[in-house]
Amino acid sequence: MWGIFMESVVIFQNYVGYHQNKFLFGIYLFFLLYLLKTEKDKKIRAILIYTPLLILIAFFCPLFRKVFVRLFEDADTYYRLLWLVQMSTVSAYGAVKMCGKHRKLMLIVMSIAVVACGKYVYSSEYITKAENMYHLPQEAIEVAKIIEPEKGRAVALVPADLIYYVRQYSSNINMPYGREMLIANWDYYNEMYEAMEGTEVIDTPVFAELVRNYGCNYVVLNKTRKTSQSLEDYGFELYDSTENYLIYQTDQSAG
């Protein structure tokens, strides 16, 4: 019994942690119950009512969680089951359906709900206004355009702050490592990443050898990045530059 109780506590913590805005979950429950009472279409009931209810029942079942953790060996992602509950779809559909019957009242209620539950997205440190149609930093696009080959693929070594963006802009640019190196709790190791980011000053001889071993055609460095010796002394050619980055071409360049 004690084990089941502790399992239930963990599940509840997962559940609470998922809903940072409790108002949104309240709205979801309201429209879920509303659709349960008023929706007549069997297909819609199956998708928007019965399926979420079954998922919630399974989510709160301690035995189900034990099986999930044993199968996937990942207790930290258990909350992701709640992604299947379709909160936004159910709330939006229920609100529109109710608006059909109570248009003026629902207009007022929904306006209040938007103000109460929403927040200004640009107040987050992780969200900025788009600089272009790609919704990527403009300088990252400039770098990608310089190193993107006209035909085939190129391998580019880029600073950590560009890893997320260069590959998004062009699938013709490969990298010796990806975002896995930026997630601390994944605990990945890559000798090329360590040579690039792991020291205050890049050890040029070791760095140059690794660049060639990994088949990199281009090396992109921030202009503030220090090297123990000039890269030009090791056969790298300064190919181009942007406001904050220097782009070197190696002797393995795809040209």
# chains A, B, ... in the order shown; residues from 1 in each chain; ligands from 1

$ residues_around --residues "region 21-30 of chain A" --least-positions-apart "5" --cutoff "7 Å" --atoms "only C-alpha atoms" --output "list of chain:residue names"
A:Met87, A:Val90, A:Ser91, A:Cys117

$ write_last_selection --atoms "C-alpha atoms" --output "JSON list (two decimals), in the first residue's frame"
[["chain", "number", "residue", "atom", "x", "y", "z"],
["A", 87, "MET", "CA", -6.45, 20.12, -24.14],
["A", 90, "VAL", "CA", -11.11, 20.17, -26.78],
["A", 91, "SER", "CA", -11.20, 23.68, -25.29],
["A", 117, "CYS", "CA", -4.88, 32.94, -18.77]]

$ atom_distance --atom1 "CA of Tyr165 (chain A)" --atom2 "CA of Gly178 (chain A)"
10.6 Å

$ select_by_dssp --residues "region 129-241 of chain A" --states "alpha helix (DSSP H)" --output "ChimeraX atom specification"
/A:138-147,163-169,191-197,204-213

$ residues_around --residues "region 4-14 of chain A" --least-positions-apart "5" --cutoff "10 Å" --atoms "only C-alpha atoms" --output "JSON, numbers by chain"
{"A": [19, 59, 60, 61, 62, 63, 65, 66, 75, 76, 77, 78, 79, 80, 82]}

$ write_last_selection --atoms "C-alpha atoms" --output "PDB file, in the first residue's frame"
ATOM      1  CA  HIS A  19      -0.031  22.508 -15.748  1.00  0.00           C
ATOM      2  CA  PHE A  59      -2.116   8.356 -16.366  1.00  0.00           C
ATOM      3  CA  PHE A  60      -3.347   8.346 -12.767  1.00  0.00           C
ATOM      4  CA  CYS A  61      -3.091   4.559 -12.451  1.00  0.00           C
ATOM      5  CA  PRO A  62       0.064   3.629 -10.435  1.00  0.00           C
ATOM      6  CA  LEU A  63       0.265   0.216 -12.098  1.00  0.00           C
ATOM      7  CA  ARG A  65       3.086   4.120 -14.564  1.00  0.00           C
ATOM      8  CA  LYS A  66       5.139   1.176 -13.297  1.00  0.00           C
ATOM      9  CA  ALA A  75      10.374   8.120 -15.607  1.00  0.00           C
ATOM     10  CA  ASP A  76      11.171  11.750 -16.425  1.00  0.00           C
ATOM     11  CA  THR A  77       9.062  11.752 -19.602  1.00  0.00           C
ATOM     12  CA  TYR A  78       5.910  10.241 -18.065  1.00  0.00           C
ATOM     13  CA  TYR A  79       4.200  13.638 -18.123  1.00  0.00           C
ATOM     14  CA  ARG A  80       4.326  13.596 -21.923  1.00  0.00           C
ATOM     15  CA  LEU A  82      -0.679  14.368 -21.152  1.00  0.00           C
TER      16      LEU A  82
END

$ atom_distance --atom1 "CA of Pro137 (chain A)" --atom2 "CA of Phe207 (chain A)"
27.1 Å

$ residues_around --residues "region 138-153 of chain A" --least-positions-apart "3" --cutoff "6 Å" --atoms "only C-alpha atoms" --output "mmCIF file with C-alpha atoms, in the first residue's frame"
data_model
loop_
_atom_site.group_PDB
_atom_site.id
_atom_site.type_symbol
_atom_site.label_atom_id
_atom_site.label_comp_id
_atom_site.auth_asym_id
_atom_site.auth_seq_id
_atom_site.Cartn_x
_atom_site.Cartn_y
_atom_site.Cartn_z
ATOM 1 C CA VAL A 166 22.333 26.184 -39.252
ATOM 2 C CA ASN A 172 22.833 20.171 -46.969
ATOM 3 C CA ILE A 173 25.047 21.251 -44.088
#

$ atom_distance --atom1 "CA of Asp187 (chain A)" --atom2 "CA of Asp74 (chain A)"
15.3 Å

$ select_by_dssp --residues "region 26-255 of chain A" --states "strand (DSSP E or B)" --output "PyMOL selection string"
chain A and resi 154-157+173-174+201-202+218-222+226-227+237-241+245-249

$ write_last_selection --atoms "N, CA and C atoms" --output "PDB file, in the first residue's frame"
ATOM      1  N   ALA A 154      28.094  19.703 -47.305  1.00  0.00           N
ATOM      2  CA  ALA A 154      29.320  20.186 -46.668  1.00  0.00           C
ATOM      3  C   ALA A 154      29.241  19.859 -45.184  1.00  0.00           C
ATOM      4  N   VAL A 155      30.394  19.668 -44.576  1.00  0.00           N
ATOM      5  CA  VAL A 155      30.461  19.444 -43.125  1.00  0.00           C
ATOM      6  C   VAL A 155      31.046  20.697 -42.496  1.00  0.00           C
ATOM      7  N   ALA A 156      30.303  21.288 -41.588  1.00  0.00           N
ATOM      8  CA  ALA A 156      30.734  22.547 -40.979  1.00  0.00           C
ATOM      9  C   ALA A 156      30.800  22.410 -39.462  1.00  0.00           C
ATOM     10  N   LEU A 157      31.881  22.925 -38.892  1.00  0.00           N
ATOM     11  CA  LEU A 157      32.045  22.991 -37.445  1.00  0.00           C
ATOM     12  C   LEU A 157      31.663  24.400 -37.023  1.00  0.00           C
ATOM     13  N   ILE A 173      23.909  20.966 -44.963  1.00  0.00           N
ATOM     14  CA  ILE A 173      25.047  21.251 -44.088  1.00  0.00           C
ATOM     15  C   ILE A 173      25.027  20.266 -42.927  1.00  0.00           C
ATOM     16  N   ASN A 174      26.015  19.399 -42.889  1.00  0.00           N
ATOM     17  CA  ASN A 174      26.156  18.453 -41.779  1.00  0.00           C
ATOM     18  C   ASN A 174      27.102  19.027 -40.735  1.00  0.00           C
ATOM     19  N   VAL A 201      40.996  28.743 -24.413  1.00  0.00           N
ATOM     20  CA  VAL A 201      41.799  28.992 -25.616  1.00  0.00           C
ATOM     21  C   VAL A 201      41.904  27.688 -26.405  1.00  0.00           C
ATOM     22  N   ILE A 202      41.540  27.729 -27.676  1.00  0.00           N
ATOM     23  CA  ILE A 202      41.596  26.530 -28.513  1.00  0.00           C
ATOM     24  C   ILE A 202      43.049  26.111 -28.738  1.00  0.00           C
ATOM     25  N   TYR A 218      34.357  23.364 -43.384  1.00  0.00           N
ATOM     26  CA  TYR A 218      34.377  24.750 -42.915  1.00  0.00           C
ATOM     27  C   TYR A 218      34.434  24.776 -41.389  1.00  0.00           C
ATOM     28  N   VAL A 219      35.092  25.792 -40.880  1.00  0.00           N
ATOM     29  CA  VAL A 219      35.130  26.037 -39.438  1.00  0.00           C
ATOM     30  C   VAL A 219      34.658  27.463 -39.198  1.00  0.00           C
ATOM     31  N   VAL A 220      33.654  27.601 -38.344  1.00  0.00           N
ATOM     32  CA  VAL A 220      33.103  28.910 -38.017  1.00  0.00           C
ATOM     33  C   VAL A 220      33.452  29.225 -36.568  1.00  0.00           C
ATOM     34  N   LEU A 221      34.129  30.348 -36.346  1.00  0.00           N
ATOM     35  CA  LEU A 221      34.516  30.759 -34.997  1.00  0.00           C
ATOM     36  C   LEU A 221      33.999  32.156 -34.709  1.00  0.00           C
ATOM     37  N   ASN A 222      33.588  32.349 -33.476  1.00  0.00           N
ATOM     38  CA  ASN A 222      33.244  33.701 -33.043  1.00  0.00           C
ATOM     39  C   ASN A 222      34.511  34.555 -33.062  1.00  0.00           C
ATOM     40  N   LYS A 226      39.564  32.718 -28.885  1.00  0.00           N
ATOM     41  CA  LYS A 226      41.022  32.745 -28.931  1.00  0.00           C
ATOM     42  C   LYS A 226      41.578  31.377 -29.314  1.00  0.00           C
ATOM     43  N   THR A 227      42.663  31.382 -30.072  1.00  0.00           N
ATOM     44  CA  THR A 227      43.373  30.155 -30.443  1.00  0.00           C
ATOM     45  C   THR A 227      44.831  30.276 -30.027  1.00  0.00           C
ATOM     46  N   GLU A 237      42.128  28.555 -44.457  1.00  0.00           N
ATOM     47  CA  GLU A 237      42.063  29.827 -45.174  1.00  0.00           C
ATOM     48  C   GLU A 237      40.825  30.603 -44.731  1.00  0.00           C
ATOM     49  N   LEU A 238      41.021  31.878 -44.400  1.00  0.00           N
ATOM     50  CA  LEU A 238      39.885  32.719 -44.039  1.00  0.00           C
ATOM     51  C   LEU A 238      39.035  32.925 -45.288  1.00  0.00           C
ATOM     52  N   TYR A 239      37.874  32.307 -45.298  1.00  0.00           N
ATOM     53  CA  TYR A 239      37.020  32.255 -46.488  1.00  0.00           C
ATOM     54  C   TYR A 239      36.066  33.445 -46.553  1.00  0.00           C
ATOM     55  N   ASP A 240      35.458  33.796 -45.406  1.00  0.00           N
ATOM     56  CA  ASP A 240      34.497  34.889 -45.368  1.00  0.00           C
ATOM     57  C   ASP A 240      34.256  35.253 -43.908  1.00  0.00           C
ATOM     58  N   SER A 241      33.434  36.260 -43.697  1.00  0.00           N
ATOM     59  CA  SER A 241      33.118  36.661 -42.321  1.00  0.00           C
ATOM     60  C   SER A 241      31.765  37.353 -42.282  1.00  0.00           C
ATOM     61  N   TYR A 245      31.269  36.492 -36.773  1.00  0.00           N
ATOM     62  CA  TYR A 245      31.901  35.204 -37.006  1.00  0.00           C
ATOM     63  C   TYR A 245      32.939  35.253 -38.134  1.00  0.00           C
ATOM     64  N   LEU A 246      33.984  34.439 -37.956  1.00  0.00           N
ATOM     65  CA  LEU A 246      34.973  34.213 -39.002  1.00  0.00           C
ATOM     66  C   LEU A 246      34.727  32.822 -39.576  1.00  0.00           C
ATOM     67  N   ILE A 247      34.766  32.703 -40.891  1.00  0.00           N
ATOM     68  CA  ILE A 247      34.488  31.432 -41.544  1.00  0.00           C
ATOM     69  C   ILE A 247      35.749  30.982 -42.280  1.00  0.00           C
ATOM     70  N   TYR A 248      36.303  29.852 -41.817  1.00  0.00           N
ATOM     71  CA  TYR A 248      37.520  29.311 -42.410  1.00  0.00           C
ATOM     72  C   TYR A 248      37.189  28.137 -43.319  1.00  0.00           C
ATOM     73  N   GLN A 249      37.935  28.030 -44.384  1.00  0.00           N
ATOM     74  CA  GLN A 249      37.827  26.916 -45.308  1.00  0.00           C
ATOM     75  C   GLN A 249      39.024  25.984 -45.072  1.00  0.00           C
TER      76      GLN A 249
END
